[in-house]
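Okay, query-v2.txt now, which holds compact mmCIF, C-alpha atoms:
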# COMPACT_ATOMS: atom_id res chain seq x y z
CA MET L 1 1.42 -32.32 -32.39
CA LYS L 2 -0.29 -28.94 -31.96
CA LYS L 3 -3.14 -30.58 -30.06
CA LYS L 4 -0.66 -32.27 -27.74
CA VAL L 5 1.13 -28.99 -26.99
CA LEU L 6 -2.22 -27.27 -26.38
CA SER L 7 -3.32 -30.06 -24.04
CA VAL L 8 -0.11 -29.80 -22.03
CA PHE L 9 -0.53 -26.01 -21.80
CA LEU L 10 -4.14 -26.30 -20.63
CA LEU L 11 -3.19 -28.94 -18.08
CA CYS L 12 -0.43 -26.69 -16.68
CA PHE L 13 -2.79 -23.72 -16.56
CA LEU L 14 -5.45 -25.76 -14.77
CA THR L 15 -2.90 -27.05 -12.26
CA LEU L 16 -1.84 -23.49 -11.44
CA ALA L 17 -5.43 -22.31 -11.17
CA LEU L 18 -6.29 -25.16 -8.82
CA SER L 19 -3.22 -24.47 -6.67
CA LEU L 20 -4.27 -20.82 -6.32
CA GLY L 21 -7.89 -21.57 -5.52
CA ALA L 22 -7.61 -24.81 -3.52
CA GLN L 23 -7.22 -23.02 -0.21
CA GLN L 24 -9.78 -20.69 1.30
CA LEU L 25 -7.86 -17.49 1.86
CA LYS L 26 -8.29 -15.50 5.05
CA PRO L 27 -6.89 -12.29 6.53
CA GLY L 28 -4.02 -12.39 9.00
CA VAL L 29 -4.64 -12.01 12.73
CA TYR L 30 -4.69 -8.19 12.61
CA ASN L 31 -5.67 -7.89 8.93
CA ALA L 32 -2.76 -5.48 8.67
CA ILE L 33 0.72 -5.28 7.20
CA THR L 34 1.97 -5.92 10.75
CA ASP L 35 0.84 -9.54 10.32
CA VAL L 36 4.13 -9.93 8.46
CA PRO L 37 6.48 -10.88 11.34
CA GLY L 38 8.97 -8.16 12.20
CA ILE L 39 7.15 -5.33 10.42
CA LEU L 40 6.38 -2.33 12.65
CA VAL L 41 4.09 0.58 11.72
CA GLY L 42 3.90 4.01 13.32
CA SER L 43 2.09 7.21 12.39
CA TYR L 44 2.30 10.80 13.51
CA THR L 45 -0.47 13.29 12.74
CA GLU L 46 -0.60 17.06 13.19
CA LYS L 47 -2.97 19.66 11.73
CA ASN L 48 -4.59 17.18 9.34
CA THR L 49 -1.38 16.01 7.74
CA GLY L 50 1.16 13.42 8.79
CA THR L 51 3.71 10.69 8.24
CA THR L 52 3.58 6.90 8.42
CA VAL L 53 6.70 4.77 8.80
CA ILE L 54 7.08 1.06 8.10
CA ILE L 55 10.14 -0.27 9.97
CA CYS L 56 11.62 -3.49 8.57
CA PRO L 57 13.35 -6.41 10.29
CA PRO L 58 17.04 -7.02 9.47
CA ASN L 59 17.91 -8.25 5.97
CA THR L 60 14.68 -7.06 4.35
CA VAL L 61 14.94 -6.69 0.56
CA GLY L 62 12.96 -4.00 -1.24
CA GLY L 63 11.64 -3.07 -4.67
CA VAL L 64 9.50 -0.26 -6.05
CA ASP L 65 7.31 0.58 -9.01
CA VAL L 66 6.10 4.09 -9.92
CA ARG L 67 3.15 4.40 -12.30
CA GLY L 68 1.76 7.90 -11.74
CA SER L 69 3.05 10.88 -13.73
CA ALA L 70 3.60 13.26 -10.79
CA PRO L 71 5.64 11.29 -8.23
CA GLY L 72 7.57 12.57 -5.24
CA THR L 73 10.07 9.96 -4.07
CA ARG L 74 13.41 9.41 -2.35
CA GLU L 75 15.96 6.56 -2.72
CA THR L 76 13.91 4.73 -5.35
CA ASP L 77 16.88 4.41 -7.73
CA LEU L 78 18.68 2.53 -4.98
CA LEU L 79 16.07 -0.24 -5.20
CA ARG L 80 16.81 -1.07 -8.83
CA PRO L 81 17.98 -4.70 -9.18
CA THR L 82 21.27 -3.55 -10.75
CA ASP L 83 22.24 -1.26 -7.86
CA LEU L 84 24.49 -2.15 -4.93
CA VAL L 85 22.45 -1.79 -1.74
CA ASN L 86 20.11 -4.73 -1.28
CA LYS L 87 18.64 -4.10 2.17
CA VAL L 88 15.96 -1.69 3.38
CA ASN L 89 15.57 -0.46 6.97
CA ALA L 90 12.33 1.49 6.68
CA ILE L 91 9.86 2.99 4.22
CA VAL L 92 8.31 6.43 4.74
CA LEU L 93 4.89 7.46 3.44
CA SER L 94 4.07 11.11 4.04
CA GLY L 95 1.87 14.05 3.24
CA GLY L 96 3.34 17.43 2.37
CA SER L 97 4.31 16.92 -1.27
CA ALA L 98 8.09 17.29 -1.80
CA PHE L 99 8.38 19.07 1.57
CA GLY L 100 7.18 15.87 3.24
CA LEU L 101 10.22 13.94 2.04
CA ALA L 102 12.05 15.64 4.93
CA ALA L 103 10.24 13.23 7.26
CA ALA L 104 12.69 10.56 6.09
CA ASP L 105 15.53 12.56 7.69
CA GLY L 106 13.93 12.03 11.09
CA VAL L 107 13.54 8.32 10.41
CA MET L 108 17.20 8.06 9.38
CA GLY L 109 18.31 9.79 12.58
CA TRP L 110 16.12 7.53 14.70
CA LEU L 111 17.50 4.40 13.04
CA GLU L 112 21.11 5.61 13.17
CA GLN L 113 20.86 6.05 16.93
CA ARG L 114 19.96 2.37 17.11
CA LYS L 115 22.72 1.29 14.70
CA MET L 116 20.19 0.13 12.13
CA GLY L 117 21.51 0.69 8.61
CA TRP L 118 24.07 -0.12 5.95
CA PRO L 119 27.46 -0.59 7.67
CA ILE L 120 30.17 1.84 6.53
CA GLY L 121 32.93 0.92 8.99
CA GLY L 122 33.93 2.03 12.45
CA GLY L 123 30.59 0.92 13.85
CA ASN L 124 28.79 3.53 11.74
CA VAL L 125 25.75 2.95 9.55
CA VAL L 126 23.71 4.73 6.89
CA PRO L 127 20.02 3.83 7.28
CA ILE L 128 18.35 2.94 3.97
CA VAL L 129 14.99 4.74 3.98
CA PRO L 130 13.14 5.06 0.66
CA ALA L 131 10.14 7.40 0.79
CA ALA L 132 7.14 8.61 -1.19
CA ILE L 133 4.77 11.51 -0.64
CA LEU L 134 1.27 12.59 -1.55
CA PHE L 135 0.09 16.16 -2.21
CA ASP L 136 -2.01 17.64 0.61
CA VAL L 137 -0.27 21.03 0.86
CA ALA L 138 -2.38 23.96 2.18
CA ARG L 139 -5.38 21.70 2.67
CA PHE L 140 -7.88 21.75 5.56
CA GLY L 141 -6.84 25.17 6.87
CA ARG L 142 -3.07 24.68 6.88
CA THR L 143 -0.71 27.20 5.36
CA ALA L 144 1.59 26.10 2.55
CA GLN L 145 4.44 26.08 5.08
CA GLU L 146 2.79 23.65 7.53
CA ASN L 147 4.03 20.30 6.26
CA PRO L 148 5.62 17.17 7.69
CA ASN L 149 9.29 17.58 8.57
CA ALA L 150 12.02 15.49 10.20
CA SER L 151 10.27 15.59 13.57
CA PHE L 152 7.25 13.84 12.04
CA GLY L 153 9.42 10.93 10.96
CA ALA L 154 11.08 10.58 14.37
CA LYS L 155 7.72 10.71 16.16
CA ALA L 156 6.25 8.15 13.79
CA CYS L 157 9.17 5.85 14.65
CA ASP L 158 8.54 6.39 18.37
CA ALA L 159 4.98 5.19 17.78
CA ALA L 160 5.96 2.19 15.63
CA LYS L 161 4.70 -1.17 16.86
CA THR L 162 3.28 -4.47 15.78
CA GLY L 163 -0.38 -5.39 16.21
CA PRO L 164 -3.47 -3.47 15.03
CA VAL L 165 -2.90 -0.41 12.83
CA THR L 166 -5.03 2.72 13.23
CA MET L 167 -6.71 3.64 9.96
CA GLY L 168 -8.49 6.63 8.46
CA ASN L 169 -7.42 10.22 9.15
CA VAL L 170 -3.98 9.36 10.49
CA GLY L 171 -0.38 9.60 9.37
CA ALA L 172 0.14 9.88 5.64
CA GLY L 173 -3.62 9.65 5.11
CA ALA L 174 -4.58 12.48 7.46
CA GLY L 175 -4.89 15.12 4.75
CA ALA L 176 -5.86 12.81 1.90
CA VAL L 177 -8.81 13.27 -0.45
CA ALA L 178 -9.85 10.52 -2.88
CA GLY L 179 -12.01 11.45 -5.85
CA GLY L 180 -13.69 14.26 -3.93
CA LEU L 181 -14.29 12.21 -0.76
CA LYS L 182 -12.10 12.05 2.33
CA GLY L 183 -9.27 9.59 1.79
CA GLY L 184 -7.05 8.09 4.43
CA LEU L 185 -4.75 5.32 5.61
CA GLY L 186 -5.79 1.69 5.26
CA THR L 187 -4.22 -1.72 5.67
CA ALA L 188 -5.03 -5.39 5.01
CA SER L 189 -3.33 -8.78 4.90
CA VAL L 190 -3.84 -12.32 3.66
CA ASP L 191 -2.64 -15.67 4.98
CA LEU L 192 -1.53 -17.81 2.01
CA GLY L 193 -0.94 -20.89 4.16
CA ASN L 194 2.26 -22.66 5.22
CA GLY L 195 3.17 -19.58 7.26
CA VAL L 196 3.27 -17.17 4.29
CA ILE L 197 1.73 -13.74 4.93
CA VAL L 198 1.23 -10.86 2.50
CA GLY L 199 0.24 -7.44 3.82
CA ALA L 200 -0.38 -3.96 2.45
CA ILE L 201 -0.69 -0.42 3.77
CA VAL L 202 -2.02 2.42 1.62
CA ALA L 203 -2.48 6.17 1.87
CA ILE L 204 -5.11 7.02 -0.74
CA ASN L 205 -5.22 10.54 -2.11
CA SER L 206 -6.32 9.73 -5.64
CA GLY L 207 -7.62 11.96 -8.38
CA GLY L 208 -9.89 9.11 -9.46
CA SER L 209 -12.86 7.88 -7.48
CA THR L 210 -13.10 4.75 -5.34
CA VAL L 211 -16.90 4.69 -5.76
CA ASN L 212 -18.93 3.12 -8.56
CA PRO L 213 -21.08 6.03 -9.77
CA LYS L 214 -23.91 3.70 -10.78
CA THR L 215 -24.33 2.01 -7.41
CA GLY L 216 -22.59 4.10 -4.79
CA GLU L 217 -20.58 0.99 -3.85
CA LEU L 218 -16.81 1.00 -3.38
CA TYR L 219 -15.23 -0.58 -6.46
CA ALA L 220 -13.13 -3.08 -4.50
CA ARG L 221 -15.90 -4.11 -2.09
CA TYR L 222 -16.22 -7.49 -3.83
CA LEU L 223 -12.69 -8.55 -2.78
CA GLU L 224 -13.70 -8.94 0.87
CA LEU L 225 -12.10 -11.81 2.82
CA GLY L 226 -14.25 -13.24 5.58
CA ASP L 227 -16.44 -10.45 6.96
CA GLU L 228 -13.77 -7.74 7.05
CA PHE L 229 -16.22 -5.20 5.57
CA ALA L 230 -18.98 -6.18 7.97
CA VAL L 231 -20.05 -2.54 8.44
CA LEU L 232 -21.08 -2.39 4.76
CA LYS L 233 -24.23 -3.79 3.23
CA LYS L 234 -23.70 -6.52 0.67
CA THR L 235 -24.96 -4.21 -2.05
CA ALA L 236 -24.99 -0.45 -1.78
CA GLN L 237 -28.34 1.18 -2.50
CA GLY L 238 -27.92 4.51 -4.39
CA PRO L 239 -28.55 7.33 -4.75
CA PHE L 240 -26.24 7.31 -7.72
CA ILE L 241 -23.21 9.56 -7.62
CA SER L 242 -22.76 11.98 -10.49
CA GLU L 243 -19.93 11.55 -12.95
CA GLU L 244 -18.72 15.02 -11.95
CA ILE L 245 -18.15 13.84 -8.38
CA ALA L 246 -16.92 10.39 -9.39
CA PHE L 247 -14.14 11.84 -11.54
CA ALA L 248 -13.51 15.07 -9.67
CA PHE L 249 -10.32 16.84 -10.64
CA PRO L 250 -12.09 20.23 -10.45
CA SER L 251 -10.57 22.89 -8.26
CA ASP L 252 -7.87 20.60 -6.88
CA PRO L 253 -6.23 19.18 -9.99
CA ILE L 254 -2.71 18.51 -8.72
CA ARG L 255 -3.25 17.44 -5.11
CA ASN L 256 -3.30 13.72 -5.68
CA THR L 257 -1.23 10.49 -5.45
CA THR L 258 -1.77 7.12 -3.79
CA ILE L 259 1.25 5.58 -2.06
CA ALA L 260 1.62 2.13 -0.56
CA VAL L 261 3.83 -0.64 0.77
CA VAL L 262 3.27 -4.37 0.32
CA ALA L 263 5.27 -6.87 2.34
CA THR L 264 5.72 -10.61 2.70
CA ASN L 265 7.80 -12.80 4.99
CA VAL L 266 9.15 -14.70 1.99
CA GLN L 267 12.76 -14.34 0.84
CA LEU L 268 12.94 -12.22 -2.33
CA THR L 269 15.57 -10.85 -4.65
CA LYS L 270 15.39 -7.17 -5.61
CA ALA L 271 14.10 -8.15 -9.05
CA GLN L 272 11.36 -10.29 -7.54
CA ALA L 273 10.39 -7.51 -5.14
CA GLN L 274 10.15 -5.10 -8.07
CA LYS L 275 7.92 -7.52 -9.97
CA ILE L 276 5.60 -7.87 -6.98
CA ALA L 277 5.41 -4.06 -6.71
CA GLN L 278 4.43 -3.96 -10.40
CA MET L 279 1.71 -6.57 -9.92
CA ALA L 280 0.44 -4.79 -6.82
CA HIS L 281 -0.52 -1.78 -8.95
CA ASP L 282 -3.39 -3.91 -10.27
CA GLY L 283 -4.87 -3.40 -6.81
CA TYR L 284 -4.99 0.34 -7.47
CA ALA L 285 -6.67 -0.26 -10.83
CA ARG L 286 -9.41 -2.41 -9.29
CA ALA L 287 -10.17 0.13 -6.55
CA ILE L 288 -9.67 3.53 -8.26
CA ASN L 289 -11.02 4.91 -11.55
CA PRO L 290 -9.21 6.52 -13.31
CA VAL L 291 -5.80 5.62 -11.91
CA HIS L 292 -2.13 6.42 -12.71
CA THR L 293 -3.16 9.77 -14.14
CA MET L 294 -1.09 12.80 -15.06
CA PHE L 295 -2.01 14.31 -11.68
CA ASP L 296 -1.09 11.27 -9.56
CA GLY L 297 2.34 10.05 -8.49
CA ASP L 298 1.15 6.52 -7.72
CA THR L 299 3.97 4.50 -6.12
CA ILE L 300 4.18 1.08 -4.47
CA PHE L 301 7.11 -0.35 -2.51
CA ALA L 302 7.47 -4.13 -2.01
CA LEU L 303 9.35 -5.78 0.85
CA GLY L 304 10.52 -9.35 1.46
CA THR L 305 11.68 -9.98 5.03
CA GLY L 306 13.31 -13.33 4.20
CA GLU L 307 11.84 -15.34 7.05
CA LEU L 308 10.70 -18.16 4.73
CA SER L 309 11.75 -19.61 1.41
CA ALA L 310 9.26 -19.02 -1.39
CA GLU L 311 9.34 -22.77 -1.97
CA VAL L 312 6.97 -23.28 0.98
CA LEU L 313 4.20 -21.93 -1.29
CA GLN L 314 4.63 -25.06 -3.39
CA GLY L 315 3.84 -23.35 -6.67
CA ARG L 316 4.32 -25.70 -9.61
CA ALA L 317 4.51 -24.68 -13.23
CA THR L 318 6.38 -25.91 -16.29
CA TRP L 319 7.91 -22.45 -16.80
CA GLY L 320 9.37 -22.38 -13.28
CA ASN L 321 8.24 -23.09 -9.75
CA MET L 322 9.75 -19.91 -8.30
CA GLU L 323 7.96 -17.90 -10.95
CA ALA L 324 4.67 -19.53 -9.95
CA ASN L 325 5.32 -18.57 -6.32
CA ILE L 326 6.06 -14.96 -7.25
CA ASN L 327 2.77 -14.95 -9.18
CA LYS L 328 0.94 -16.01 -6.03
CA ILE L 329 2.56 -13.33 -3.89
CA GLY L 330 2.04 -10.61 -6.49
CA ALA L 331 -1.62 -11.49 -6.98
CA ALA L 332 -2.18 -11.56 -3.22
CA ALA L 333 -0.43 -8.20 -2.87
CA ALA L 334 -2.71 -6.63 -5.49
CA ASP L 335 -5.83 -7.84 -3.70
CA ALA L 336 -4.46 -6.68 -0.34
CA ILE L 337 -3.88 -3.21 -1.84
CA SER L 338 -7.51 -3.04 -3.03
CA ARG L 339 -8.85 -4.21 0.32
CA ALA L 340 -6.64 -1.73 2.18
CA ILE L 341 -8.14 1.06 0.07
CA VAL L 342 -11.64 -0.02 1.10
CA HIS L 343 -10.56 0.04 4.76
CA ALA L 344 -9.09 3.51 4.29
CA MET L 345 -12.33 4.82 2.83
CA ILE L 346 -14.68 3.32 5.43
CA ASN L 347 -12.47 4.48 8.31
CA ALA L 348 -11.96 8.04 7.06
CA THR L 349 -13.97 10.83 8.68
CA SER L 350 -15.24 14.08 7.19
CA ILE L 351 -13.24 17.31 7.52
CA GLY L 352 -15.10 20.53 6.82
CA THR L 353 -16.88 20.35 3.49
CA VAL L 354 -15.01 17.22 2.38
CA LYS L 355 -17.31 14.36 3.23
CA SER L 356 -16.24 10.86 4.14
CA TYR L 357 -17.65 7.88 2.29
CA ARG L 358 -19.70 7.08 5.38
CA GLU L 359 -21.28 10.54 5.44
CA ALA L 360 -21.77 10.78 1.68
CA PHE L 361 -23.23 7.26 1.38
CA PRO L 362 -24.86 6.36 4.71
CA GLN L 363 -27.14 3.94 2.81
CA ALA L 364 -24.07 1.77 2.05
CA PHE L 365 -23.62 1.03 5.75
CA LYS L 366 -25.62 -1.29 7.96
Could the structure of this file be written out as structure tokens, please?
Amino acid sequence: MKKKVLSVFLLCFLTLALSLGAQQLKPGVYNAITDVPGILVGSYTEKNTGTTVIICPPNTVGGVDVRGSAPGTRETDLLRPTDLVNKVNAIVLSGGSAFGLAAADGVMGWLEQRKMGWPIGGGNVVPIVPAAILFDVARFGRTAQENPNASFGAKACDAAKTGPVTMGNVGAGAGAVAGGLKGGLGTASVDLGNGVIVGAIVAINSGGSTVNPKTGELYARYLELGDEFAVLKKTAQGPFISEEIAFAFPSDPIRNTTIAVVATNVQLTKAQAQKIAQMAHDGYARAINPVHTMFDGDTIFALGTGELSAEVLQGRATWGNMEANINKIGAAAADAISRAIVHAMINATSIGTVKSYREAFPQAFK
């Protein structure tokens, strides 16, 4: 009897594994979160800090998962599966630490003018705009008072569009530093087939490093789809990076946090969105070491726009087909997060004494 149960389990596991690996995955058209239909992205940058807004199509459901120990967030409680509001109008990612949360005010005003929000009667709405920030205060020559405010959010909305997304020293990633190297904004997507798209956008400002100290190669380089990292050599060739640089918390111990949004055009419940956000944190762990530290406020939002039923993924498992489909989306979201971090690092440019990955490791590039 035990052998029979084990055989059935192995058969189910193999079936799931084959369903995940049967199709050759590829990036979306833009290899960006904007490959998810209806998602718009805009950034505003000023004095090496900034704000990025992700504007959602109607009826988008959201979830969130916070893993770092020093988060700065807004409206995250609202996304709990037990709470009333089940739609999201936009997500804000911003520099400026807690001051930068004010950027969401500008996004709310912009959306309200366009009657985009939770209806409260009389033709009035309250826009639902969760937000997360990273710590770049007083960095790169700014004073402690020069941080994103409401005007940053409004200007980011003005710039919001579909299509290619500018990466590197822009928006929420403008003032970012990752493990002692210049961080930035990055994005990536994957086409799961049958019209299902999963995308991610990340502002990486981590305490941990994105670089393998033994090889000089970005940790998540191996997750490349197609030739998206064509500017990089297949294997980085030293010189090795010291452990001191690889795990640099030195003179800047609290100016960290990586924040991100993952999105899919599949219909999700709030609980399912939250689970996908949880799984997406694995993408941080594959690309950053150490991660989720006491000095980071690592946060990921997950969005489901509801264009397609999850059933189109055709996941099959004895414990539940919908569960198998959520597994697919969550795993894809984690990989998209890792790949977006690589794009952020290779698109970032040096500022002052803070070198970019390209400048610090020119031998890693073709």
Worksheet item: Using only C-alpha atoms, which of L:Ala174, L:Phe99, L:Gly122, L:Gly141 sits nearest Thr73 (chain L)?
Response: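 Closest to Thr73 (chain L), using only C-alpha atoms: L:Phe99.
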Practice prompt. Mind giving me the straight-line distance from CA of Val231 (chain L) to CA of Val262 (chain L) in Å, one decimal?
Written response: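 Computed distance, CA of Val231 (chain L) to CA of Val262 (chain L), equals 24.8 Å.
Residues surrounding Tyr30 (chain L) within 7 Å are Asp35, Gly163 and Pro164 of chain L [all atoms listed in the file; sequence separation below 4 positions excluded].
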Worksheet item: Could you name the residues that touch region 218-223 of chain L at 6 Å or less, counting only C-alpha atoms, but leaving out those on the same chain fewer than 5 positions away, as a PyMOL selection string?
Response: chain L and resi 210-212+287+338
Discussion item. Just want the 12 Å neighbourhood of Gly123 (chain L), counted on only C-alpha atoms, with same-chain residues fewer than 6 positions away dropped. Output as a VMD selection string.
Written reply: chain L and resid 112 to 117
